[in-house]
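Trainee: This is entry36.cif (mmCIF, C-alpha atoms).
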data_upload
loop_
_atom_site.label_atom_id
_atom_site.label_comp_id
_atom_site.auth_asym_id
_atom_site.auth_seq_id
_atom_site.Cartn_x
_atom_site.Cartn_y
_atom_site.Cartn_z
CA MET A 1355 97.41 100.45 92.28
CA SER A 1356 96.75 96.79 93.13
CA THR A 1357 99.52 94.80 91.40
CA TYR A 1358 102.70 94.47 93.43
CA PRO A 1359 105.98 92.67 92.81
CA GLU A 1360 106.18 89.01 93.83
CA THR A 1361 109.23 89.56 96.01
CA PRO A 1362 111.21 86.91 97.94
CA LEU A 1363 109.78 88.30 101.20
CA TYR A 1364 106.20 88.09 99.96
CA ARG A 1365 106.78 84.55 98.69
CA ALA A 1366 108.19 83.59 102.08
CA ILE A 1367 105.15 85.08 103.80
CA THR A 1368 102.65 83.35 101.52
CA THR A 1369 104.30 79.93 101.26
CA GLY A 1370 104.57 79.06 104.93
CA GLN A 1371 108.24 79.90 105.42
CA PHE A 1372 107.37 82.04 108.47
CA PRO A 1373 110.01 84.74 107.88
CA VAL A 1374 111.08 86.86 110.82
CA ILE A 1375 110.62 90.61 110.38
CA VAL A 1376 112.32 93.00 112.80
CA SER A 1377 111.03 96.46 113.67
CA LEU A 1378 113.92 98.71 114.66
CA PRO A 1379 113.51 100.51 118.01
CA ARG A 1380 115.52 103.40 116.58
CA HIS A 1381 117.14 104.14 113.24
CA ASP A 1382 120.55 102.64 113.90
CA LEU A 1383 122.43 100.71 111.22
CA ALA A 1384 124.17 98.55 113.85
CA LEU A 1385 120.76 97.36 115.08
CA ALA A 1386 119.66 96.53 111.55
CA GLN A 1387 122.86 94.59 110.87
CA ALA A 1388 122.51 92.73 114.16
CA ALA A 1389 118.96 91.72 113.26
CA LEU A 1390 120.14 90.37 109.91
CA ASP A 1391 123.08 88.62 111.56
CA GLY A 1392 120.57 86.95 113.87
CA GLY A 1393 118.63 85.59 110.90
CA ALA A 1394 115.94 88.20 110.28
CA THR A 1395 114.52 88.19 106.77
CA ALA A 1396 113.33 91.81 106.65
CA ILE A 1397 113.66 95.14 108.45
CA LYS A 1398 110.83 97.52 109.28
CA VAL A 1399 111.39 101.22 109.98
CA HIS A 1400 109.12 104.08 111.03
CA LEU A 1401 108.29 107.56 109.79
CA ASN A 1402 106.14 110.36 111.23
CA ALA A 1403 105.44 108.47 114.43
CA TYR A 1404 105.94 108.22 118.15
CA HIS A 1405 106.57 104.58 119.01
CA ARG A 1406 105.21 103.89 122.47
CA ALA A 1407 107.03 100.66 123.20
CA SER A 1408 110.48 102.10 122.45
CA GLY A 1409 109.79 105.72 123.38
CA THR A 1410 111.29 106.85 120.06
CA THR A 1411 110.00 109.67 117.88
CA PHE A 1412 110.63 109.10 114.17
CA GLY A 1413 110.79 111.99 111.75
CA SER A 1414 109.51 112.65 108.26
CA PHE A 1415 110.80 111.07 105.06
CA THR A 1416 113.00 114.10 104.47
CA GLU A 1417 114.41 113.93 107.99
CA GLU A 1418 115.02 110.17 107.91
CA ARG A 1419 116.08 109.83 104.27
CA GLY A 1420 119.81 109.63 105.00
CA PHE A 1421 119.34 106.61 107.24
CA LEU A 1422 116.92 104.96 104.81
CA GLU A 1423 119.42 105.31 101.96
CA THR A 1424 122.14 103.76 104.12
CA LEU A 1425 119.84 100.95 105.26
CA ALA A 1426 118.97 100.15 101.66
CA LYS A 1427 122.64 99.38 100.99
CA LEU A 1428 122.38 96.31 103.24
CA GLY A 1429 120.23 94.72 100.54
CA ALA A 1430 117.60 93.27 102.89
CA PRO A 1431 113.84 93.46 102.28
CA MET A 1432 112.43 96.60 103.88
CA LEU A 1433 109.01 97.70 105.12
CA VAL A 1434 107.98 101.11 106.47
CA MET A 1435 105.46 102.24 109.03
CA ALA A 1436 104.49 105.37 107.11
CA GLY A 1437 103.09 107.51 109.91
CA GLN A 1438 100.19 108.54 112.08
CA GLU A 1439 98.52 111.92 111.61
CA SER A 1440 101.34 112.99 109.27
CA LEU A 1441 102.01 110.78 106.27
CA PRO A 1442 104.38 110.76 103.29
CA THR A 1443 103.16 112.24 100.04
CA LEU A 1444 102.62 109.97 97.05
CA ASP A 1445 105.92 111.16 95.60
CA GLU A 1446 107.66 110.27 98.88
CA MET A 1447 106.02 106.83 98.91
CA ASP A 1448 107.32 106.21 95.42
CA ALA A 1449 110.75 107.46 96.49
CA LEU A 1450 110.65 104.78 99.18
CA ALA A 1451 109.85 102.22 96.48
CA ASP A 1452 112.82 103.50 94.48
CA LEU A 1453 115.02 102.85 97.54
CA GLY A 1454 113.81 99.24 97.62
CA PHE A 1455 111.02 99.39 100.17
CA GLU A 1456 108.28 96.93 99.26
CA GLY A 1457 105.48 97.46 101.76
CA PHE A 1458 104.01 100.05 104.08
CA ASN A 1459 102.10 99.92 107.31
CA VAL A 1460 99.70 102.33 109.05
CA TYR A 1461 96.86 101.88 111.48
CA MET A 1462 93.60 101.55 109.61
CA ASP A 1463 92.38 104.94 110.87
CA HIS A 1464 95.35 106.59 109.12
CA LEU A 1465 94.99 104.75 105.80
CA LYS A 1466 94.56 107.59 103.30
CA PRO A 1467 93.64 106.92 99.65
CA HIS A 1468 96.89 108.26 98.21
CA LEU A 1469 98.86 105.59 100.09
CA LEU A 1470 97.06 102.91 98.10
CA GLN A 1471 98.12 104.60 94.86
CA SER A 1472 101.80 104.01 95.62
CA ARG A 1473 104.00 101.10 94.54
CA LEU A 1474 104.28 99.82 98.11
CA ARG A 1475 102.16 96.83 99.15
CA PRO A 1476 99.72 97.81 101.93
CA MET A 1477 99.93 96.18 105.35
CA PRO A 1478 97.34 98.13 107.37
CA ALA A 1479 97.13 97.46 111.07
CA LEU A 1480 94.19 96.49 113.21
CA SER A 1481 93.91 97.96 116.68
CA ALA A 1482 92.75 96.66 120.05
CA THR A 1483 89.22 97.83 119.27
CA SER A 1484 88.94 96.48 115.71
CA THR A 1485 85.89 94.45 114.76
CA ASP A 1486 85.25 91.59 112.34
CA ALA A 1487 83.95 94.19 109.89
CA ASP A 1488 87.28 96.00 110.12
CA ILE A 1489 89.16 92.77 109.40
CA ALA A 1490 86.99 92.14 106.35
CA ARG A 1491 87.45 95.71 105.13
CA LEU A 1492 91.24 95.51 105.30
CA ALA A 1493 91.30 92.05 103.75
CA ALA A 1494 89.35 93.38 100.78
CA ILE A 1495 92.12 95.84 99.84
CA PRO A 1496 93.78 94.40 96.72
CA GLY A 1497 97.17 92.90 97.50
CA ALA A 1498 96.99 93.67 101.21
CA MET A 1499 98.47 91.94 104.20
CA ILE A 1500 97.23 92.71 107.72
CA GLU A 1501 99.19 93.55 110.85
CA ALA A 1502 97.33 92.21 113.87
CA SER A 1503 98.30 94.97 116.28
CA ILE A 1504 95.44 94.04 118.58
CA MET A 1505 96.80 94.12 122.13
CA ASP A 1506 95.87 96.74 124.71
CA PHE A 1507 98.90 98.83 125.65
CA ALA A 1508 98.46 97.77 129.28
CA GLY A 1509 99.32 94.23 128.24
CA TYR A 1510 102.50 95.09 126.34
CA GLY A 1511 105.43 92.93 127.37
CA THR A 1512 103.35 90.28 129.12
CA PRO A 1513 103.44 86.60 128.10
CA LEU A 1514 101.47 85.40 125.09
CA THR A 1515 98.35 83.51 126.20
CA ALA A 1516 96.04 80.90 124.77
CA ALA A 1517 93.39 83.61 124.47
CA ASP A 1518 95.79 85.72 122.38
CA LEU A 1519 96.44 82.77 120.08
CA ALA A 1520 92.70 82.22 119.73
CA ARG A 1521 92.31 85.84 118.63
CA TYR A 1522 95.06 85.45 116.05
CA THR A 1523 93.42 82.25 114.80
CA HIS A 1524 90.11 84.04 114.37
CA ILE A 1525 91.69 86.97 112.52
CA ALA A 1526 93.74 84.77 110.18
CA ALA A 1527 90.76 82.56 109.34
CA LEU A 1528 88.44 85.50 108.73
CA ALA A 1529 90.95 87.57 106.76
CA GLY A 1530 92.10 84.97 104.28
CA VAL A 1531 95.16 87.13 103.52
CA PRO A 1532 98.60 87.06 105.19
CA VAL A 1533 98.45 88.18 108.82
CA ILE A 1534 101.58 89.48 110.55
CA ALA A 1535 101.76 89.38 114.35
CA PRO A 1536 103.78 92.15 116.03
CA SER A 1537 105.39 91.36 119.36
CA GLN A 1538 103.23 93.54 121.55
CA LYS A 1539 103.31 90.56 123.88
CA LYS A 1540 106.74 89.18 124.78
CA PHE A 1541 107.12 86.50 122.14
CA THR A 1542 109.52 83.71 123.04
CA PRO A 1543 111.02 80.94 120.92
CA ALA A 1544 108.50 78.56 122.52
CA ASP A 1545 105.64 80.70 121.13
CA MET A 1546 106.61 80.22 117.50
CA PRO A 1547 104.83 76.87 116.90
CA GLY A 1548 101.64 78.30 118.41
CA LEU A 1549 101.77 81.38 116.21
CA ARG A 1550 102.26 79.21 113.14
CA ALA A 1551 99.38 76.97 114.15
CA ALA A 1552 97.20 80.05 114.60
CA GLY A 1553 97.72 80.91 110.94
CA ILE A 1554 100.15 83.78 111.47
CA ALA A 1555 102.28 84.26 108.35
CA ALA A 1556 105.23 85.99 110.02
CA PRO A 1557 106.22 87.35 113.43
CA LEU A 1558 107.23 91.01 113.62
CA LEU A 1559 109.72 91.42 116.45
CA GLY A 1560 109.93 94.75 118.22
CA VAL A 1561 111.82 96.15 121.17
CA ILE A 1562 109.80 94.12 123.69
CA VAL A 1563 111.54 91.02 122.30
CA THR A 1564 114.74 92.39 120.79
CA GLY A 1565 115.87 94.94 123.31
CA ALA A 1566 117.63 98.05 122.08
CA THR A 1567 121.30 97.04 121.76
CA PRO A 1568 123.01 95.20 118.91
CA ALA A 1569 123.93 92.35 121.27
CA SER A 1570 120.38 91.86 122.56
CA MET A 1571 119.03 92.20 119.04
CA ARG A 1572 121.30 89.54 117.58
CA THR A 1573 120.75 87.08 120.44
CA SER A 1574 116.98 87.41 120.60
CA VAL A 1575 116.44 87.27 116.85
CA ALA A 1576 118.71 84.24 116.53
CA ALA A 1577 116.73 82.40 119.21
CA ILE A 1578 113.41 83.15 117.48
CA THR A 1579 114.64 82.20 114.02
CA ALA A 1580 116.04 78.92 115.33
CA ALA A 1581 112.66 78.03 116.82
CA ARG A 1582 110.52 78.60 113.71
#
Now, as a test, write the supplied structure out as structure tokens.

Mentor:
Amino acid sequence: MSTYPETPLYRAITTGQFPVIVSLPRHDLALAQAALDGGATAIKVHLNAYHRASGTTFGSFTEERGFLETLAKLGAPMLVMAGQESLPTLDEMDALADLGFEGFNVYMDHLKPHLLQSRLRPMPALSATSTDADIARLAAIPGAMIEASIMDFAGYGTPLTAADLARYTHIAALAGVPVIAPSQKKFTPADMPGLRAAGIAAPLLGVIVTGATPASMRTSVAAITAAR
């Protein structure tokens, strides 16, 4: 499937509005509400994955469904990191679409053909070792966005550098499709103009920026959204 809905989130991403997406460090409705209260446009959740930065293990669609159904009631745009070695079935992907999810994310090595048959827009992720050929391959997927998850884990939480911005600029120019930058580095409000200038379509804020409490989430997201 290659035709996806023209949602408000996708329009914001593709028209230079620089929407803030927040990746939850754990499946906690208070954290999601705090992110939205801080001005986040969309919420990203995880399935079938161990998240290194937060130290959280996320379960299968069946195991997490109760939270996902509750999250959907907030009415915010939602994205899902679908998994690693284990992935949702096509029926489960379409169940996510029925809940209101509009896009999915996996590392490119885990991008299985059935995921591209679902109703969720693909947002495959590059890795620290990805090449220009990898960027071109992901950009050629109909309707795709790209997550530029390109930092070595040893550098997680360190300040964003000019060299990092140069890498983002290269990826965005080569890809020619929306590129999302996750906060593997410790994004600050002062970094937002540089990310925009690099061609990044949206920042994706994770625990390195947001912390793991509702108070830290609301404060950090509000500061980033105010600096866009």

Trainee: Using the chain letters and residue numbers of this document, give as a ChimeraX atom specification the residues selected by the PyMOL selection byres ((chain A and resi 1396-1399) around 9).

Mentor: /A:1363,1373-1381,1386,1389-1390,1394-1395,1400-1401,1412,1422,1430-1436,1458,1558

Trainee: Excluding region 1489-1495 of chain A and its own-chain neighbours fewer than 5 positions away, which residues fall within 9 Å of it when counting only C-alpha atoms? Please give them as number ranges by chain.

Mentor: A: 1356, 1462, 1470, 1476-1480, 1484, 1500, 1525, 1528-1532

Trainee: Expressed in Å to a single decimal, how great is the separation between CA of Asp1391 (chain A) and CA of Pro1543 (chain A)?

Mentor: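 CA of Pro1543 (chain A) lies at a distance of 17.1 Å from CA of Asp1391 (chain A).
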
Trainee: Point out the residue among A:Gly1409, A:Leu1474, A:Ala1535, A:Leu1385 with the least atom-to-atom distance to Thr1573 (chain A), counting only C-alpha atoms.

Mentor: A:Leu1385

Trainee: If you apply the PyMOL selection byres ((chain A and resi 1542) around 10) to this file, what residues do you get, as a list in words?

Mentor: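 Selected by the PyMOL selection byres ((chain A and resi 1542) around 10) in this file: Pro1513, Leu1514, Ser1537, Lys1539, Lys1540, Phe1541, Pro1543, Ala1544, Asp1545, Met1546, Val1563, Ser1574, Val1575, Ala1577, Ile1578 and Ala1581 of chain A.
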
Trainee: Would you mind exporting the chosen residues as an mmCIF file, in the frame of the given file, restricted to C-alpha atoms?

Mentor:
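Dumped to part-v3.cif:
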data_model
loop_
_atom_site.group_PDB
_atom_site.id
_atom_site.type_symbol
_atom_site.label_atom_id
_atom_site.label_comp_id
_atom_site.auth_asym_id
_atom_site.auth_seq_id
_atom_site.Cartn_x
_atom_site.Cartn_y
_atom_site.Cartn_z
ATOM 1 C CA PRO A 1513 103.440 86.600 128.100
ATOM 2 C CA LEU A 1514 101.470 85.400 125.090
ATOM 3 C CA SER A 1537 105.390 91.360 119.360
ATOM 4 C CA LYS A 1539 103.310 90.560 123.880
ATOM 5 C CA LYS A 1540 106.740 89.180 124.780
ATOM 6 C CA PHE A 1541 107.120 86.500 122.140
ATOM 7 C CA PRO A 1543 111.020 80.940 120.920
ATOM 8 C CA ALA A 1544 108.500 78.560 122.520
ATOM 9 C CA ASP A 1545 105.640 80.700 121.130
ATOM 10 C CA MET A 1546 106.610 80.220 117.500
ATOM 11 C CA VAL A 1563 111.540 91.020 122.300
ATOM 12 C CA SER A 1574 116.980 87.410 120.600
ATOM 13 C CA VAL A 1575 116.440 87.270 116.850
ATOM 14 C CA ALA A 1577 116.730 82.400 119.210
ATOM 15 C CA ILE A 1578 113.410 83.150 117.480
ATOM 16 C CA ALA A 1581 112.660 78.030 116.820
#

Trainee: Using only C-alpha atoms, which residues sit within 12 Å of Asp1448 (chain A) once same-chain residues fewer than 2 positions away are excluded, as a PyMOL selection string?

Mentor: chain A and resi 1355+1415+1442-1446+1450-1458+1468-1475

Trainee: In Å to one decimal, how far is CA of Asn1459 (chain A) from CA of Ala1502 (chain A)?

Mentor: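 Computing it gives 11.2 Å between the two atoms.
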
Trainee: Could you tell me which residues the PyMOL selection byres ((chain A and resi 1569) around 10) grabs in this file, written as a compact mmCIF listing (two decimals) with C-alpha atoms, in the coordinates of the input?

Mentor:
# COMPACT_ATOMS: atom_id res chain seq x y z
CA ALA A 1384 124.17 98.55 113.85
CA LEU A 1385 120.76 97.36 115.08
CA ALA A 1388 122.51 92.73 114.16
CA ALA A 1389 118.96 91.72 113.26
CA GLY A 1392 120.57 86.95 113.87
CA THR A 1564 114.74 92.39 120.79
CA GLY A 1565 115.87 94.94 123.31
CA ALA A 1566 117.63 98.05 122.08
CA THR A 1567 121.30 97.04 121.76
CA PRO A 1568 123.01 95.20 118.91
CA SER A 1570 120.38 91.86 122.56
CA MET A 1571 119.03 92.20 119.04
CA ARG A 1572 121.30 89.54 117.58
CA THR A 1573 120.75 87.08 120.44
CA SER A 1574 116.98 87.41 120.60

Trainee: Can you work out the spacing between CA of Gly1511 (chain A) and CA of Leu1559 (chain A) in Å, to one decimal?

Mentor: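 We find that CA of Gly1511 (chain A) and CA of Leu1559 (chain A) lie 11.8 Å from each other.
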
Trainee: With all atoms listed in the file as the counted atoms, please give the residues lying no more than 7 Å from His1464 (chain A), apart from itself and same-chain residues fewer than 2 positions off, as an MDAnalysis selection string.

Mentor: chainID A and resid 1438:1439 1460:1462 1466
